[in-house]
Amino acid sequence: MAKKWGQHFLVKAKYAQKLLKLAQITPDDRILEIGSGRGFLTTCLLQIASQVVCVEIDPKLCLLLRENYAKHQHWRLIESNVLNLPKEQWERLFPAPYKIVSNLPYQISSPLFFKLFEMRHLFQSITFMVQKEWAKRVCACVKEGKNYGALSVIADFGFVRTYSSEVPPAAFLPPPRVDSALIKLIPKPS
């Protein structure tokens with residue numbers, strides 16, 4: 001595990017199941033998982049979805065993922081920084097729309113959000129486990145005071161937003177110093 005990537009691996013099945021339930025995964029779904037880590041969520045996704053493409057930046061974790069999933073015919077790995085993937089690659093992953101499901105590395109939440117915002121026509125839904133404070137800002141309405149800001153306005157313009165349940169630090173290894181939350185974004189028509 002490399003500290004530079006801020007990895008906190010989900011280890012509690014209860015919260016993986018909550019994430020899958022919020023994402024409403026079906027056997028027909030094509031899923032992009034960002035930051036697959038050790039594959040805890042990947043395993044859950046492969047039990048339901050028709051196809052799963054994982055994006056992972058850590059070379060050591062990519063080796064582990066290949067060992068565990070290379071023989072799975074509905075799985076594919078992209079070893080890359082998701083922020084560096086060109087728009088054309090996003091468009092070629094699957095026929096649109098597809099779903100994104102991720103225990104998202106906290107430090108890429110905002111830059112990735114703005115990248116996804118520009119390509120939202122590709123996605124059926126985006127379901128994230130993210131830092132609680134960031135989740136509240138994305139899903140905030142005007143009456144929510146300090147959480148409401150530019151991120152909230154942009155998110156409201158592009159998505160129907162759902163703030164779901166909170167996730168304690170104990171659900172991860174190593175535990176982060178902050179709480180997490182589940183959110184779902186459904187793209188609005190342009």
# chains A, B, ... in the order shown; residues from 1 in each chain; ligands from 1

call {"tool": "residues_around", "arguments": {"residues": "Pro105 (chain A)", "least_positions_apart": "5", "cutoff": "10 Å", "atoms": "only C-alpha atoms", "output": "short mmCIF file (atom, residue, chain, number, x, y, z; two decimals) with N, CA, C and O atoms, in the first residue's frame"}}
result
data_model
loop_
_atom_site.label_atom_id
_atom_site.label_comp_id
_atom_site.auth_asym_id
_atom_site.auth_seq_id
_atom_site.Cartn_x
_atom_site.Cartn_y
_atom_site.Cartn_z
N TRP A 5 -1.17 7.36 -2.54
CA TRP A 5 -2.46 7.17 -3.19
C TRP A 5 -3.61 7.18 -2.20
O TRP A 5 -4.77 7.00 -2.57
N GLY A 6 -3.34 7.38 -0.94
CA GLY A 6 -4.40 7.52 0.07
C GLY A 6 -5.33 6.33 0.13
O GLY A 6 -6.54 6.50 0.19
N GLN A 7 -4.76 5.13 0.14
CA GLN A 7 -5.59 3.93 0.07
C GLN A 7 -6.15 3.53 1.43
O GLN A 7 -5.41 3.37 2.40
N HIS A 8 -7.46 3.38 1.46
CA HIS A 8 -8.18 2.85 2.61
C HIS A 8 -9.10 1.78 2.05
O HIS A 8 -10.07 2.09 1.37
N PHE A 9 -8.77 0.53 2.31
CA PHE A 9 -9.49 -0.58 1.70
C PHE A 9 -10.74 -0.94 2.47
O PHE A 9 -10.68 -1.17 3.69
N ILE A 34 -13.62 2.31 -10.01
CA ILE A 34 -12.43 3.17 -9.92
C ILE A 34 -11.74 2.93 -8.59
O ILE A 34 -12.38 3.00 -7.54
N GLY A 35 -10.44 2.64 -8.64
CA GLY A 35 -9.69 2.37 -7.42
C GLY A 35 -10.06 1.03 -6.82
O GLY A 35 -10.56 0.95 -5.71
N SER A 36 -9.81 -0.02 -7.54
CA SER A 36 -10.26 -1.36 -7.15
C SER A 36 -9.53 -1.93 -5.94
O SER A 36 -10.01 -2.86 -5.31
N GLY A 37 -8.36 -1.40 -5.65
CA GLY A 37 -7.63 -1.85 -4.47
C GLY A 37 -7.33 -3.33 -4.50
O GLY A 37 -6.79 -3.85 -5.47
N PHE A 128 -20.81 6.40 -5.33
CA PHE A 128 -19.52 6.52 -4.68
C PHE A 128 -19.61 6.34 -3.18
O PHE A 128 -20.58 6.75 -2.55
N MET A 129 -18.55 5.77 -2.61
CA MET A 129 -18.27 5.85 -1.19
C MET A 129 -17.14 6.88 -1.10
O MET A 129 -16.07 6.67 -1.67
N VAL A 130 -17.42 8.00 -0.44
CA VAL A 130 -16.47 9.12 -0.39
C VAL A 130 -16.42 9.71 1.01
O VAL A 130 -17.21 9.35 1.88
N GLN A 131 -15.52 10.65 1.20
CA GLN A 131 -15.43 11.35 2.47
C GLN A 131 -16.76 12.06 2.75
O GLN A 131 -17.34 12.69 1.88
#

call {"tool": "residues_around", "arguments": {"residues": "Leu65 (chain A)", "least_positions_apart": "5", "cutoff": "12 Å", "atoms": "only C-alpha atoms", "output": "ChimeraX atom specification"}}
result
/A:35-43,53-60,70-72,75-79

call {"tool": "write_last_selection", "arguments": {"atoms": "N, CA, C and O atoms", "output": "JSON list (two decimals), in the first residue's frame"}}
result
[["chain", "number", "residue", "atom", "x", "y", "z"],
["A", 35, "GLY", "N", -10.44, 2.64, -8.64],
["A", 35, "GLY", "CA", -9.69, 2.37, -7.42],
["A", 35, "GLY", "C", -10.06, 1.03, -6.82],
["A", 35, "GLY", "O", -10.56, 0.95, -5.71],
["A", 36, "SER", "N", -9.81, -0.02, -7.54],
["A", 36, "SER", "CA", -10.26, -1.36, -7.15],
["A", 36, "SER", "C", -9.53, -1.93, -5.94],
["A", 36, "SER", "O", -10.01, -2.86, -5.31],
["A", 37, "GLY", "N", -8.36, -1.40, -5.65],
["A", 37, "GLY", "CA", -7.63, -1.85, -4.47],
["A", 37, "GLY", "C", -7.33, -3.33, -4.50],
["A", 37, "GLY", "O", -6.79, -3.85, -5.47],
["A", 38, "ARG", "N", -7.70, -4.02, -3.44],
["A", 38, "ARG", "CA", -7.45, -5.47, -3.33],
["A", 38, "ARG", "C", -8.58, -6.31, -3.93],
["A", 38, "ARG", "O", -8.52, -7.52, -3.90],
["A", 39, "GLY", "N", -9.63, -5.65, -4.41],
["A", 39, "GLY", "CA", -10.68, -6.37, -5.10],
["A", 39, "GLY", "C", -11.88, -6.77, -4.26],
["A", 39, "GLY", "O", -12.73, -7.54, -4.70],
["A", 40, "PHE", "N", -12.01, -6.23, -3.06],
["A", 40, "PHE", "CA", -13.13, -6.58, -2.18],
["A", 40, "PHE", "C", -14.47, -6.25, -2.85],
["A", 40, "PHE", "O", -15.36, -7.09, -2.94],
["A", 41, "LEU", "N", -14.59, -5.03, -3.35],
["A", 41, "LEU", "CA", -15.81, -4.62, -4.04],
["A", 41, "LEU", "C", -15.92, -5.28, -5.41],
["A", 41, "LEU", "O", -17.01, -5.63, -5.86],
["A", 42, "THR", "N", -14.79, -5.49, -6.06],
["A", 42, "THR", "CA", -14.76, -6.15, -7.37],
["A", 42, "THR", "C", -15.44, -7.51, -7.32],
["A", 42, "THR", "O", -16.25, -7.85, -8.18],
["A", 43, "THR", "N", -15.12, -8.28, -6.30],
["A", 43, "THR", "CA", -15.72, -9.61, -6.13],
["A", 43, "THR", "C", -17.24, -9.50, -6.03],
["A", 43, "THR", "O", -17.97, -10.26, -6.67],
["A", 53, "VAL", "N", -15.13, -3.43, -15.47],
["A", 53, "VAL", "CA", -13.82, -2.91, -15.83],
["A", 53, "VAL", "C", -13.30, -2.16, -14.61],
["A", 53, "VAL", "O", -14.00, -1.31, -14.06],
["A", 54, "CYS", "N", -12.10, -2.50, -14.18],
["A", 54, "CYS", "CA", -11.48, -1.87, -13.02],
["A", 54, "CYS", "C", -10.35, -0.95, -13.47],
["A", 54, "CYS", "O", -9.59, -1.31, -14.37],
["A", 55, "VAL", "N", -10.26, 0.19, -12.82],
["A", 55, "VAL", "CA", -9.14, 1.10, -13.04],
["A", 55, "VAL", "C", -8.38, 1.19, -11.72],
["A", 55, "VAL", "O", -8.96, 1.52, -10.69],
["A", 56, "GLU", "N", -7.09, 0.86, -11.77],
["A", 56, "GLU", "CA", -6.25, 0.87, -10.57],
["A", 56, "GLU", "C", -4.90, 1.47, -10.93],
["A", 56, "GLU", "O", -4.32, 1.12, -11.94],
["A", 57, "ILE", "N", -4.40, 2.35, -10.07],
["A", 57, "ILE", "CA", -3.14, 3.04, -10.31],
["A", 57, "ILE", "C", -1.93, 2.31, -9.73],
["A", 57, "ILE", "O", -0.83, 2.38, -10.25],
["A", 58, "ASP", "N", -2.13, 1.57, -8.64],
["A", 58, "ASP", "CA", -1.03, 0.94, -7.91],
["A", 58, "ASP", "C", -0.56, -0.34, -8.61],
["A", 58, "ASP", "O", -1.32, -1.31, -8.69],
["A", 59, "PRO", "N", 0.68, -0.37, -9.11],
["A", 59, "PRO", "CA", 1.17, -1.56, -9.83],
["A", 59, "PRO", "C", 1.13, -2.84, -9.01],
["A", 59, "PRO", "O", 0.84, -3.91, -9.54],
["A", 60, "LYS", "N", 1.40, -2.75, -7.70],
["A", 60, "LYS", "CA", 1.37, -3.95, -6.86],
["A", 60, "LYS", "C", -0.05, -4.49, -6.75],
["A", 60, "LYS", "O", -0.27, -5.70, -6.79],
["A", 70, "ALA", "N", -7.93, -12.53, -13.56],
["A", 70, "ALA", "CA", -7.57, -12.63, -14.98],
["A", 70, "ALA", "C", -8.35, -13.72, -15.73],
["A", 70, "ALA", "O", -8.62, -13.58, -16.92],
["A", 71, "LYS", "N", -8.72, -14.77, -15.04],
["A", 71, "LYS", "CA", -9.45, -15.86, -15.69],
["A", 71, "LYS", "C", -10.95, -15.61, -15.77],
["A", 71, "LYS", "O", -11.68, -16.37, -16.37],
["A", 72, "HIS", "N", -11.39, -14.53, -15.16],
["A", 72, "HIS", "CA", -12.82, -14.20, -15.18],
["A", 72, "HIS", "C", -13.15, -13.54, -16.51],
["A", 72, "HIS", "O", -12.61, -12.48, -16.82],
["A", 75, "TRP", "N", -14.29, -9.66, -16.74],
["A", 75, "TRP", "CA", -13.49, -8.69, -16.00],
["A", 75, "TRP", "C", -12.34, -8.20, -16.86],
["A", 75, "TRP", "O", -11.74, -8.94, -17.63],
["A", 76, "ARG", "N", -12.03, -6.91, -16.70],
["A", 76, "ARG", "CA", -10.90, -6.30, -17.41],
["A", 76, "ARG", "C", -10.27, -5.25, -16.51],
["A", 76, "ARG", "O", -10.96, -4.60, -15.73],
["A", 77, "LEU", "N", -8.95, -5.07, -16.64],
["A", 77, "LEU", "CA", -8.22, -4.12, -15.80],
["A", 77, "LEU", "C", -7.56, -3.07, -16.68],
["A", 77, "LEU", "O", -6.95, -3.38, -17.70],
["A", 78, "ILE", "N", -7.67, -1.82, -16.24],
["A", 78, "ILE", "CA", -6.92, -0.72, -16.84],
["A", 78, "ILE", "C", -5.96, -0.23, -15.76],
["A", 78, "ILE", "O", -6.40, 0.27, -14.72],
["A", 79, "GLU", "N", -4.66, -0.41, -15.99],
["A", 79, "GLU", "CA", -3.65, 0.02, -15.02],
["A", 79, "GLU", "C", -3.27, 1.45, -15.37],
["A", 79, "GLU", "O", -2.48, 1.70, -16.28]]

call {"tool": "atom_distance", "arguments": {"atom1": "CA of Asp29 (chain A)", "atom2": "CA of Ala181 (chain A)"}}
result
23.0 Å

call {"tool": "closest_residue", "arguments": {"among": "A:Lys12, A:Arg92, A:Lys18, A:Lys99", "to": "Pro187 (chain A)", "atoms": "only C-alpha atoms"}}
result
A:Lys99

call {"tool": "closest_residue", "arguments": {"among": "A:Gln89, A:Ser80, A:Ser109, A:Asn103", "to": "Val167 (chain A)", "atoms": "only C-alpha atoms"}}
result
A:Asn103

call {"tool": "closest_residue", "arguments": {"among": "A:Val11, A:Ile126, A:Leu64, A:Met119", "to": "Glu33 (chain A)", "atoms": "only C-alpha atoms"}}
result
A:Ile126

call {"tool": "residues_around", "arguments": {"residues": "region 177-179 of chain A", "least_positions_apart": "5", "cutoff": "6 Å", "atoms": "only C-alpha atoms", "output": "ChimeraX atom specification"}}
result
/A:132,168-169

call {"tool": "write_last_selection", "arguments": {"atoms": "N, CA, C and O atoms", "output": "mmCIF file, in the first residue's frame"}}
result
data_model
loop_
_atom_site.group_PDB
_atom_site.id
_atom_site.type_symbol
_atom_site.label_atom_id
_atom_site.label_comp_id
_atom_site.auth_asym_id
_atom_site.auth_seq_id
_atom_site.Cartn_x
_atom_site.Cartn_y
_atom_site.Cartn_z
ATOM 1 N N LYS A 132 -17.260 11.924 3.972
ATOM 2 C CA LYS A 132 -18.587 12.436 4.337
ATOM 3 C C LYS A 132 -18.753 13.930 4.060
ATOM 4 O O LYS A 132 -19.776 14.351 3.521
ATOM 5 N N PRO A 168 -18.521 4.269 8.875
ATOM 6 C CA PRO A 168 -17.523 4.612 9.892
ATOM 7 C C PRO A 168 -16.103 4.219 9.458
ATOM 8 O O PRO A 168 -15.931 3.343 8.604
ATOM 9 N N PRO A 169 -15.103 4.839 10.066
ATOM 10 C CA PRO A 169 -13.709 4.490 9.745
ATOM 11 C C PRO A 169 -13.395 3.004 9.923
ATOM 12 O O PRO A 169 -12.561 2.452 9.199
#

call {"tool": "select_by_dssp", "arguments": {"residues": "region 51-181 of chain A", "states": "strand (DSSP E or B)", "output": "number ranges by chain"}}
result
A: 51-56, 75-79, 98-103, 123-131, 159-167, 172-173, 180-181

call {"tool": "select_by_dssp", "arguments": {"residues": "region 71-134 of chain A", "states": "helix (DSSP H, G or I)", "output": "PDB file with N, CA and C atoms, in the first residue's frame"}}
result
ATOM      1  N   VAL A  82      -6.889   7.171 -13.205  1.00  0.00           N
ATOM      2  CA  VAL A  82      -8.182   7.422 -13.848  1.00  0.00           C
ATOM      3  C   VAL A  82      -8.295   8.868 -14.338  1.00  0.00           C
ATOM      4  N   LEU A  83      -7.611   9.783 -13.668  1.00  0.00           N
ATOM      5  CA  LEU A  83      -7.675  11.188 -14.075  1.00  0.00           C
ATOM      6  C   LEU A  83      -6.965  11.440 -15.405  1.00  0.00           C
ATOM      7  N   ASN A  84      -6.110  10.501 -15.807  1.00  0.00           N
ATOM      8  CA  ASN A  84      -5.372  10.654 -17.067  1.00  0.00           C
ATOM      9  C   ASN A  84      -6.023   9.933 -18.249  1.00  0.00           C
ATOM     10  N   LYS A  87     -10.926  11.103 -22.892  1.00  0.00           N
ATOM     11  CA  LYS A  87     -12.370  10.971 -23.105  1.00  0.00           C
ATOM     12  C   LYS A  87     -12.689   9.817 -24.053  1.00  0.00           C
ATOM     13  N   GLU A  88     -11.870   9.644 -25.072  1.00  0.00           N
ATOM     14  CA  GLU A  88     -12.108   8.574 -26.058  1.00  0.00           C
ATOM     15  C   GLU A  88     -12.078   7.193 -25.396  1.00  0.00           C
ATOM     16  N   GLN A  89     -11.220   7.021 -24.398  1.00  0.00           N
ATOM     17  CA  GLN A  89     -11.146   5.728 -23.715  1.00  0.00           C
ATOM     18  C   GLN A  89     -12.403   5.495 -22.879  1.00  0.00           C
ATOM     19  N   TRP A  90     -12.905   6.553 -22.231  1.00  0.00           N
ATOM     20  CA  TRP A  90     -14.159   6.435 -21.489  1.00  0.00           C
ATOM     21  C   TRP A  90     -15.289   6.022 -22.436  1.00  0.00           C
ATOM     22  N   GLU A  91     -15.292   6.591 -23.615  1.00  0.00           N
ATOM     23  CA  GLU A  91     -16.358   6.309 -24.592  1.00  0.00           C
ATOM     24  C   GLU A  91     -16.273   4.890 -25.133  1.00  0.00           C
ATOM     25  N   ARG A  92     -15.076   4.303 -25.156  1.00  0.00           N
ATOM     26  CA  ARG A  92     -14.891   2.959 -25.706  1.00  0.00           C
ATOM     27  C   ARG A  92     -15.029   1.841 -24.676  1.00  0.00           C
ATOM     28  N   LEU A  93     -15.131   2.175 -23.396  1.00  0.00           N
ATOM     29  CA  LEU A  93     -15.207   1.142 -22.363  1.00  0.00           C
ATOM     30  C   LEU A  93     -16.382   0.201 -22.579  1.00  0.00           C
ATOM     31  N   TYR A 106     -10.199   9.446  -1.631  1.00  0.00           N
ATOM     32  CA  TYR A 106     -10.690  10.778  -1.252  1.00  0.00           C
ATOM     33  C   TYR A 106     -10.035  11.918  -2.014  1.00  0.00           C
ATOM     34  N   GLN A 107      -8.722  11.831  -2.232  1.00  0.00           N
ATOM     35  CA  GLN A 107      -8.019  12.971  -2.806  1.00  0.00           C
ATOM     36  C   GLN A 107      -8.343  13.222  -4.277  1.00  0.00           C
ATOM     37  N   ILE A 108      -8.998  12.286  -4.935  1.00  0.00           N
ATOM     38  CA  ILE A 108      -9.364  12.531  -6.342  1.00  0.00           C
ATOM     39  C   ILE A 108     -10.843  12.859  -6.514  1.00  0.00           C
ATOM     40  N   SER A 109     -11.583  12.963  -5.420  1.00  0.00           N
ATOM     41  CA  SER A 109     -13.030  13.176  -5.511  1.00  0.00           C
ATOM     42  C   SER A 109     -13.403  14.373  -6.374  1.00  0.00           C
ATOM     43  N   SER A 110     -12.874  15.539  -6.067  1.00  0.00           N
ATOM     44  CA  SER A 110     -13.255  16.740  -6.818  1.00  0.00           C
ATOM     45  C   SER A 110     -12.751  16.732  -8.254  1.00  0.00           C
ATOM     46  N   PRO A 111     -11.454  16.457  -8.503  1.00  0.00           N
ATOM     47  CA  PRO A 111     -11.019  16.456  -9.903  1.00  0.00           C
ATOM     48  C   PRO A 111     -11.760  15.415 -10.752  1.00  0.00           C
ATOM     49  N   LEU A 112     -12.039  14.250 -10.167  1.00  0.00           N
ATOM     50  CA  LEU A 112     -12.772  13.232 -10.920  1.00  0.00           C
ATOM     51  C   LEU A 112     -14.215  13.664 -11.154  1.00  0.00           C
ATOM     52  N   PHE A 113     -14.823  14.270 -10.146  1.00  0.00           N
ATOM     53  CA  PHE A 113     -16.206  14.741 -10.298  1.00  0.00           C
ATOM     54  C   PHE A 113     -16.322  15.675 -11.510  1.00  0.00           C
ATOM     55  N   PHE A 114     -15.419  16.639 -11.625  1.00  0.00           N
ATOM     56  CA  PHE A 114     -15.495  17.596 -12.731  1.00  0.00           C
ATOM     57  C   PHE A 114     -15.243  16.923 -14.079  1.00  0.00           C
ATOM     58  N   LYS A 115     -14.394  15.913 -14.098  1.00  0.00           N
ATOM     59  CA  LYS A 115     -14.164  15.146 -15.328  1.00  0.00           C
ATOM     60  C   LYS A 115     -15.435  14.380 -15.715  1.00  0.00           C
ATOM     61  N   LEU A 116     -16.059  13.740 -14.742  1.00  0.00           N
ATOM     62  CA  LEU A 116     -17.281  12.976 -14.998  1.00  0.00           C
ATOM     63  C   LEU A 116     -18.445  13.885 -15.387  1.00  0.00           C
ATOM     64  N   PHE A 117     -18.486  15.062 -14.791  1.00  0.00           N
ATOM     65  CA  PHE A 117     -19.543  16.021 -15.108  1.00  0.00           C
ATOM     66  C   PHE A 117     -19.573  16.303 -16.612  1.00  0.00           C
ATOM     67  N   GLU A 118     -18.411  16.494 -17.199  1.00  0.00           N
ATOM     68  CA  GLU A 118     -18.327  16.799 -18.630  1.00  0.00           C
ATOM     69  C   GLU A 118     -18.735  15.627 -19.514  1.00  0.00           C
ATOM     70  N   ARG A 120     -21.065  13.208 -18.503  1.00  0.00           N
ATOM     71  CA  ARG A 120     -22.170  12.552 -17.804  1.00  0.00           C
ATOM     72  C   ARG A 120     -23.137  11.828 -18.730  1.00  0.00           C
ATOM     73  N   HIS A 121     -23.167  12.186 -20.000  1.00  0.00           N
ATOM     74  CA  HIS A 121     -24.043  11.494 -20.957  1.00  0.00           C
ATOM     75  C   HIS A 121     -23.659  10.015 -21.125  1.00  0.00           C
ATOM     76  N   LEU A 122     -22.446   9.647 -20.702  1.00  0.00           N
ATOM     77  CA  LEU A 122     -21.991   8.255 -20.833  1.00  0.00           C
ATOM     78  C   LEU A 122     -22.526   7.347 -19.722  1.00  0.00           C
ATOM     79  N   LYS A 132     -17.260  11.924   3.972  1.00  0.00           N
ATOM     80  CA  LYS A 132     -18.587  12.436   4.337  1.00  0.00           C
ATOM     81  C   LYS A 132     -18.753  13.930   4.060  1.00  0.00           C
ATOM     82  N   GLU A 133     -17.771  14.738   4.399  1.00  0.00           N
ATOM     83  CA  GLU A 133     -17.890  16.183   4.194  1.00  0.00           C
ATOM     84  C   GLU A 133     -18.035  16.526   2.714  1.00  0.00           C
ATOM     85  N   TRP A 134     -17.284  15.830   1.876  1.00  0.00           N
ATOM     86  CA  TRP A 134     -17.371  16.068   0.425  1.00  0.00           C
ATOM     87  C   TRP A 134     -18.747  15.634  -0.080  1.00  0.00           C
TER      88      TRP A 134
END

call {"tool": "closest_residue", "arguments": {"among": "A:Phe172, A:Phe94, A:Tyr163, A:Phe123", "to": "Ser50 (chain A)", "atoms": "only C-alpha atoms"}}
result
A:Phe94

call {"tool": "atom_distance", "arguments": {"atom1": "CA of Arg66 (chain A)", "atom2": "CA of Val52 (chain A)"}}
result
13.3 Å

call {"tool": "residues_around", "arguments": {"residues": "Asp156 (chain A)", "least_positions_apart": "5", "cutoff": "9 Å", "atoms": "only C-alpha atoms", "output": "list in words"}}
result
Val138, Cys139, Ala140, Cys141, Leu151, Arg161 and Lys188 of chain A

call {"tool": "atom_distance", "arguments": {"atom1": "CA of Ser165 (chain A)", "atom2": "CA of Leu20 (chain A)"}}
result
12.3 Å

call {"tool": "closest_residue", "arguments": {"among": "A:Ala135, A:Leu182, A:Leu61, A:Leu19", "to": "Asn147 (chain A)", "atoms": "only C-alpha atoms"}}
result
A:Ala135

call {"tool": "closest_residue", "arguments": {"among": "A:Leu32, A:Leu46, A:Lys136, A:Pro97", "to": "Ser152 (chain A)", "atoms": "only C-alpha atoms"}}
result
A:Lys136
